[in-house]
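*Asks:* Next up is a structure, given as structure tokens.
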Amino acid sequence: MNHIQTITQAYSQTPWRKQVQMIGYFLLVLVVGAVVAGFYLNVTAKTTTIGREIQSMQVHIYGFYDLSGDIANPEEIVPIEELEQNIASLKTELAYLASYEVMHERARDMGLEEVDPEEIVYLDIAGYVGPQTAVLAPPPQPVVVSAASIDPAFRESLFEWVGGQIRDTLKLFNGVEP
Amino acid sequence: MSTQRRYSASTISRGKLVYERVPPDQTRPVVEHEMKTAPWRLTILGIAFSVLGFLVIVQLIRLQLSPWASDVPLEGVDRAYHIFYPPRGEIYDRWGRLMAGNTLVYEIGAQVSYIRSPETVAFALSKVLANHEEYNNPERNYYADIVDAIDDAEEAGRSYVALADFVTEEELSQLRAWALTYENLPQMRDYEGEQASLEGLMFRPRLQRVYPEGELASNVIGYVNRDGIGIYGVEEHFNELLAGTPQRTWVPLDPYAVAEIPAMDPGADLVLTIDREIQAAVEAILDEALVETGSESGTIIVMDPDTGEILGMTSTPRLDLNRYYESGEVFTGNTPFNRAVSQDYEPGSVFKVLTMAAALDAGAVTPETVFQDTGSISIGGITITNWDYGAWGQQDMQGCMEHSLNVCLTWIATQLGAGDFYGYMQEFGFGRVTGIDLAWEATGRLKVPGDTDWYEAELGTNSFGQGVAVTPVQMVMAISAVANGRGEMMAPHTMLSMVRDGAQYTPVPQMVGRPISSDTAETLTEMLANSLENEASDALITGYRVAGKTGTAEIATPTGYTGNETNASFVGWGPVDDPQFLVYVWLERPESSPWGSVVATPVFREVFERLVVLTDLPPDDIRAGMGIP
């Protein structure tokens with residue numbers, strides 16, 4: 001009995017060591033928790049910041065500008081949608097400048113008159129092709145579906161697939177064919 | 001002092017050394033040292049954690065008591081509904097000249113919580129937009145409207161309220177200048193004594209439909225209203241195609257849940273068959289003709305009979321499409337937006353072209369068939385006479401067309417029989433829409449045997465274009481079968497091609513039917529060309545052989561036909577050897593003369609003369625010499 005007590009006493013921690021150990025464990029958990037929380041806060045803060053930046057960009061694309069703000073800053077990145085809006089607006093402005101009424105007025109101012117059909121002289125120019133109607137974009141490309149480009153999964157039956165799998169497996173055992 | 005453990009070698013068992021642990025020395029100074037240093041370290045650590053905890057609590061309380069706390073989105077309002085509108089497709093004429101485009105305008109609104117002086121905002125907007133058509137209504141107090149709108153939005157808890165729309169670039173620049181002035185002069189006060197400021201005002205650029213050509217081709221194009229919806233013409237017919245596909249989505253306000261803005265399908269661009277120069281020419285000629293003849297209204301259609309492409313189409317009145325909001329004043333009562341497609345009428349003798357085409361095709365008559373005109377013919381209990389009440393004696397079929405004899409055409413219709421006559425008329429497309437790509441097409445009315453309101457006499461009157469209601473576009477479609485010399489009736493259309501997803505799609509011209517043979521078409525064209533030449537018609541054009549027919553119709557009213565008011569028409573095409581143009585002219589209630597041959601025929605000639613110049617079409621002899629068909 002005395003021997004057991006001696007062994008127990010020999011392997012037991014002193015109370016102050018136990019206390020320090022407990023505090024150590026607690027602090028370890030606390031520090032690990034703080035580190036994790038710190039990482040979490042850091043990541044979420046970055047996520048939020050980037051999210052806000054994206055939202056801000058979206059507002060610029062489809063949203064509103066502050067009236068007092070300066071959007072004329074040339075260094076500011078202009079969204080492509082706004083560029084397209086500006087292009088469309090400029091095209092219209094150009095169309096106004098080249099409208100029938102404006103061009104007709106300019107022609108009149110230059111002293112030009114409408115030609116009498118009988119005054120027109122026609123020349124036969126070999127190979128001349130008259131004006132062509134507006135081409136604003138290329139014609140659509142024909143969609144050619146080649147059987148060879150289709151994934152084999154869509155071309156073979158279940159039995160063919162199983163047979164192929166078996167053959168592939170057998171090759172592993174038989175070695176590489178010459 | 002040494003801290004190493006001490007062991008005593010006690011026994012050796014099976015070759016292994018066994019150690020026995022010796023209890024530590026209770027008087028070791030190391031232990032005493034650790035016991036002494038532990039409390040003050042723990043105290044510091046405890047204080048540090050306490051301070052941190054306290055700061056966290058302080059921060060929580062501070063955030064909760066912050067005046068901005070109320071702005072934090074609450075549960076259920078963490079997203080906003082938004083509709084993204086793609087830019088509307090543009091419309092070009094056949095040579096690529098812009099007929100309908102888009103320009104930048106601005107919406108002005110207020111971010112309510114940032115507004116410092118509603119009175120300043122109202123003052124600035126009402127002054128800057130004083131000349132704006134939308135906001136200069138003397139019956140409205142725009143200043144008060146703005147103040148009320150901001151107050152209402154504040155009370156309702158809304159974060160944003162729109163205050164003005166369709167603001168131009170110049171007006172926006174003025175507003176921005178005002179805003180900067182207020183920023184730079186903080187001592188300025190508003191009526192309430194608050195600091196004058198335009199803070200909180202926002203603007204958003206967007207595209208608005210505009211029409212660089214104004215009135216030109218307005219009957220064909222139509223317009224887009226305030227809500228961005230196409231009204232009339234091409235704008236309405238192709239509204240979905242032009243408008244693209246708006247994307248409706250909930251935009252999250254939570255930055256964690258930020259989502260990609262949906263990709264938008266932009267509207268398709270359209271290239272019309274309309275030629276701007278031809279369109280301008282026919283509009284000018286029509287306007288001039290209305291003044292000269294005193295006509296109430298008019299319509300001109302120019303079509304390529306080979307393809308059905310509408311090269312020019314106009315009717316009166318016309319609208320400046322940039323002032324679409326005046327359409328109610330321009331199109332009063334039942335006035336259609338485009339008479340060419342939306343108004344049916346009794347066409348009169350131009351319809352004889354189709355009666356003769358049917359009779360020739362069915363073999364009921366030949367060009368050499370002789371008819372003895374006695375000046376009248378009875379059918380279905382009524383007596384039909386000629387336009388001059390005269391008897392023209394012996395006439396062949398060309399003579400019947402040349403002198404536009406109602407009696408002869410009635411006889412031809414009886415030779416053909418009601419079944420065949422109406423069968424042909426239905427094949428020519430009467431009584432149903434042509435399917436032209438313009439909104440609000442009228443069907444007209446063709447009464448056929450079996451209808452409760454059809455009488456035998458209708459066969460006679462219909463043969464010369466009375467008692468049948470047709471639209472001008474129905475007439476040009478039907479007569480295209482004669483004019484192109486193939487007997488093929490081509491679908492009239494205004495869209496030449498469409499540009500979408502970076503590719504230009506050009507539909508093939510559609511043949512609606514083949515009511516007559518090519519032989520019939522060529523024979524009839526020759527007959528009508530000879531008719532014009534024999535009577536030295538005003539339609540004849542130097543250098544170009546043309547075919548055509550006049551029409552003068554009495555106007556049906558609820559109380560019967562008008563005696564002194566007519567619809568004057570002319571349909572003609574040419575050059576006969578290679579028809580390029582089919583021209584239809586309709587003048588309503590001309591005052592200078594009731595006859596189509598007097599008022600409408602010169603209009604046709606004038607149009608055709610301009611067409612050959614504008615399209616560089618050489619005269620017949622030069623084309624023959626050049627080997628051009």
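We name chains A, B, ... following the order of the structure tokens; residues begin at 1 in each chain, and ligands are numbered from 1 as shown.
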If you run DSSP over the backbone, which residues in segment 92-270 of chain B end up strand (DSSP E or B)? Put them as a PyMOL selection string.
*Replies:* chain B and resi 92+98-111+160-167+189+195+201-210+223-224+230-231+245+247-252+265+269-270
*Asks:* Using only C-alpha atoms, I'd like every residue of chain B that has an atom within 7 Å of chain A; please write them out as a PyMOL selection string.
*Replies:* chain B and resi 23+94-96+98+101-104+176+179-180+201-204+207+212-213+255-256+258+499+502-505+613+618+626
*Asks:* Could you save the residues just selected, with N, CA and C atoms, as a JSON list (two decimals), in the first residue's frame?
*Replies:*
```
[["chain", "number", "residue", "atom", "x", "y", "z"],
["B", 23, "PRO", "N", 12.40, 10.87, -5.65],
["B", 23, "PRO", "CA", 11.57, 12.08, -5.45],
["B", 23, "PRO", "C", 12.42, 13.34, -5.48],
["B", 94, "ARG", "N", -31.45, 51.58, -96.44],
["B", 94, "ARG", "CA", -30.79, 50.48, -97.13],
["B", 94, "ARG", "C", -29.32, 50.74, -97.42],
["B", 95, "TRP", "N", -28.91, 51.99, -97.37],
["B", 95, "TRP", "CA", -27.50, 52.32, -97.62],
["B", 95, "TRP", "C", -26.73, 52.54, -96.33],
["B", 96, "GLY", "N", -27.35, 52.29, -95.19],
["B", 96, "GLY", "CA", -26.64, 52.39, -93.92],
["B", 96, "GLY", "C", -26.69, 53.76, -93.27],
["B", 98, "LEU", "N", -28.31, 56.35, -90.76],
["B", 98, "LEU", "CA", -29.05, 56.17, -89.50],
["B", 98, "LEU", "C", -30.39, 56.90, -89.55],
["B", 101, "GLY", "N", -31.70, 56.40, -83.89],
["B", 101, "GLY", "CA", -30.54, 56.10, -83.05],
["B", 101, "GLY", "C", -30.84, 56.40, -81.59],
["B", 102, "ASN", "N", -29.79, 56.49, -80.81],
["B", 102, "ASN", "CA", -29.94, 56.74, -79.38],
["B", 102, "ASN", "C", -29.01, 57.87, -78.95],
["B", 103, "THR", "N", -29.45, 58.64, -77.99],
["B", 103, "THR", "CA", -28.60, 59.70, -77.46],
["B", 103, "THR", "C", -28.66, 59.70, -75.94],
["B", 104, "LEU", "N", -27.63, 60.27, -75.35],
["B", 104, "LEU", "CA", -27.56, 60.27, -73.88],
["B", 104, "LEU", "C", -28.51, 61.30, -73.27],
["B", 176, "ARG", "N", -24.64, 70.82, -62.54],
["B", 176, "ARG", "CA", -23.36, 70.50, -61.91],
["B", 176, "ARG", "C", -22.62, 71.78, -61.53],
["B", 179, "ALA", "N", -24.16, 73.02, -58.44],
["B", 179, "ALA", "CA", -23.76, 72.21, -57.28],
["B", 179, "ALA", "C", -22.38, 72.62, -56.79],
["B", 180, "LEU", "N", -21.45, 72.83, -57.72],
["B", 180, "LEU", "CA", -20.09, 73.22, -57.34],
["B", 180, "LEU", "C", -20.08, 74.62, -56.73],
["B", 201, "LEU", "N", -27.99, 65.02, -54.52],
["B", 201, "LEU", "CA", -28.54, 64.89, -55.88],
["B", 201, "LEU", "C", -27.66, 63.92, -56.67],
["B", 202, "MET", "N", -28.30, 63.02, -57.37],
["B", 202, "MET", "CA", -27.58, 62.04, -58.17],
["B", 202, "MET", "C", -28.07, 62.13, -59.61],
["B", 203, "PHE", "N", -27.29, 61.65, -60.51],
["B", 203, "PHE", "CA", -27.76, 61.54, -61.89],
["B", 203, "PHE", "C", -27.32, 60.23, -62.49],
["B", 204, "ARG", "N", -28.11, 59.78, -63.43],
["B", 204, "ARG", "CA", -27.80, 58.50, -64.08],
["B", 204, "ARG", "C", -27.93, 58.67, -65.59],
["B", 207, "LEU", "N", -29.84, 55.95, -72.36],
["B", 207, "LEU", "CA", -30.05, 56.27, -73.76],
["B", 207, "LEU", "C", -31.52, 56.53, -74.06],
["B", 212, "PRO", "N", -32.72, 61.23, -86.24],
["B", 212, "PRO", "CA", -31.99, 62.32, -86.89],
["B", 212, "PRO", "C", -32.72, 62.90, -88.09],
["B", 213, "GLU", "N", -33.60, 62.12, -88.72],
["B", 213, "GLU", "CA", -34.29, 62.61, -89.91],
["B", 213, "GLU", "C", -35.63, 63.25, -89.59],
["B", 255, "PRO", "N", -22.63, 43.24, -49.09],
["B", 255, "PRO", "CA", -21.40, 43.06, -49.88],
["B", 255, "PRO", "C", -20.91, 41.63, -49.92],
["B", 256, "TYR", "N", -21.30, 40.80, -48.93],
["B", 256, "TYR", "CA", -20.89, 39.40, -48.98],
["B", 256, "TYR", "C", -21.59, 38.67, -50.13],
["B", 258, "VAL", "N", -22.54, 39.91, -53.00],
["B", 258, "VAL", "CA", -22.47, 40.63, -54.27],
["B", 258, "VAL", "C", -22.51, 39.65, -55.44],
["B", 499, "VAL", "N", -29.11, 42.91, -87.88],
["B", 499, "VAL", "CA", -27.77, 42.67, -87.33],
["B", 499, "VAL", "C", -27.91, 42.28, -85.87],
["B", 502, "GLY", "N", -23.37, 40.22, -83.78],
["B", 502, "GLY", "CA", -22.22, 40.37, -84.65],
["B", 502, "GLY", "C", -22.39, 39.79, -86.04],
["B", 503, "ALA", "N", -23.59, 39.39, -86.40],
["B", 503, "ALA", "CA", -23.82, 38.84, -87.74],
["B", 503, "ALA", "C", -25.01, 39.53, -88.38],
["B", 504, "GLN", "N", -24.95, 39.66, -89.69],
["B", 504, "GLN", "CA", -26.04, 40.31, -90.42],
["B", 504, "GLN", "C", -26.85, 39.25, -91.16],
["B", 505, "TYR", "N", -28.12, 39.19, -90.82],
["B", 505, "TYR", "CA", -29.02, 38.20, -91.42],
["B", 505, "TYR", "C", -29.88, 38.89, -92.47],
["B", 613, "VAL", "N", -33.46, 58.89, -111.79],
["B", 613, "VAL", "CA", -32.27, 59.70, -111.51],
["B", 613, "VAL", "C", -31.58, 59.21, -110.24],
["B", 618, "PRO", "N", -30.43, 54.00, -116.50],
["B", 618, "PRO", "CA", -30.37, 54.60, -117.84],
["B", 618, "PRO", "C", -31.68, 54.37, -118.60],
["B", 626, "MET", "N", -26.26, 48.97, -124.02],
["B", 626, "MET", "CA", -25.22, 48.47, -123.11],
["B", 626, "MET", "C", -25.36, 46.97, -122.85]]
```
*Asks:* Mind giving me the straight-line distance from atom CA of Met313 of chain B to atom CA of Val220 of chain B in Å, one decimal?
*Replies:* 6.9 Å
*Asks:* One decimal, Å: what's the distance from atom CA of Glu588 of chain B over to atom CA of Asp275 of chain B, could you say?
*Replies:*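 Calculated distance between atom CA of Glu588 of chain B and atom CA of Asp275 of chain B is 25.2 Å.
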*Asks:* Could you find all residues in segment 431-620 of chain B that DSSP calls alpha helix (DSSP H) from the backbone, and write them as a ChimeraX atom specification?
*Replies:* /B:457-463,472-483,518-534,596-599,601-614,620
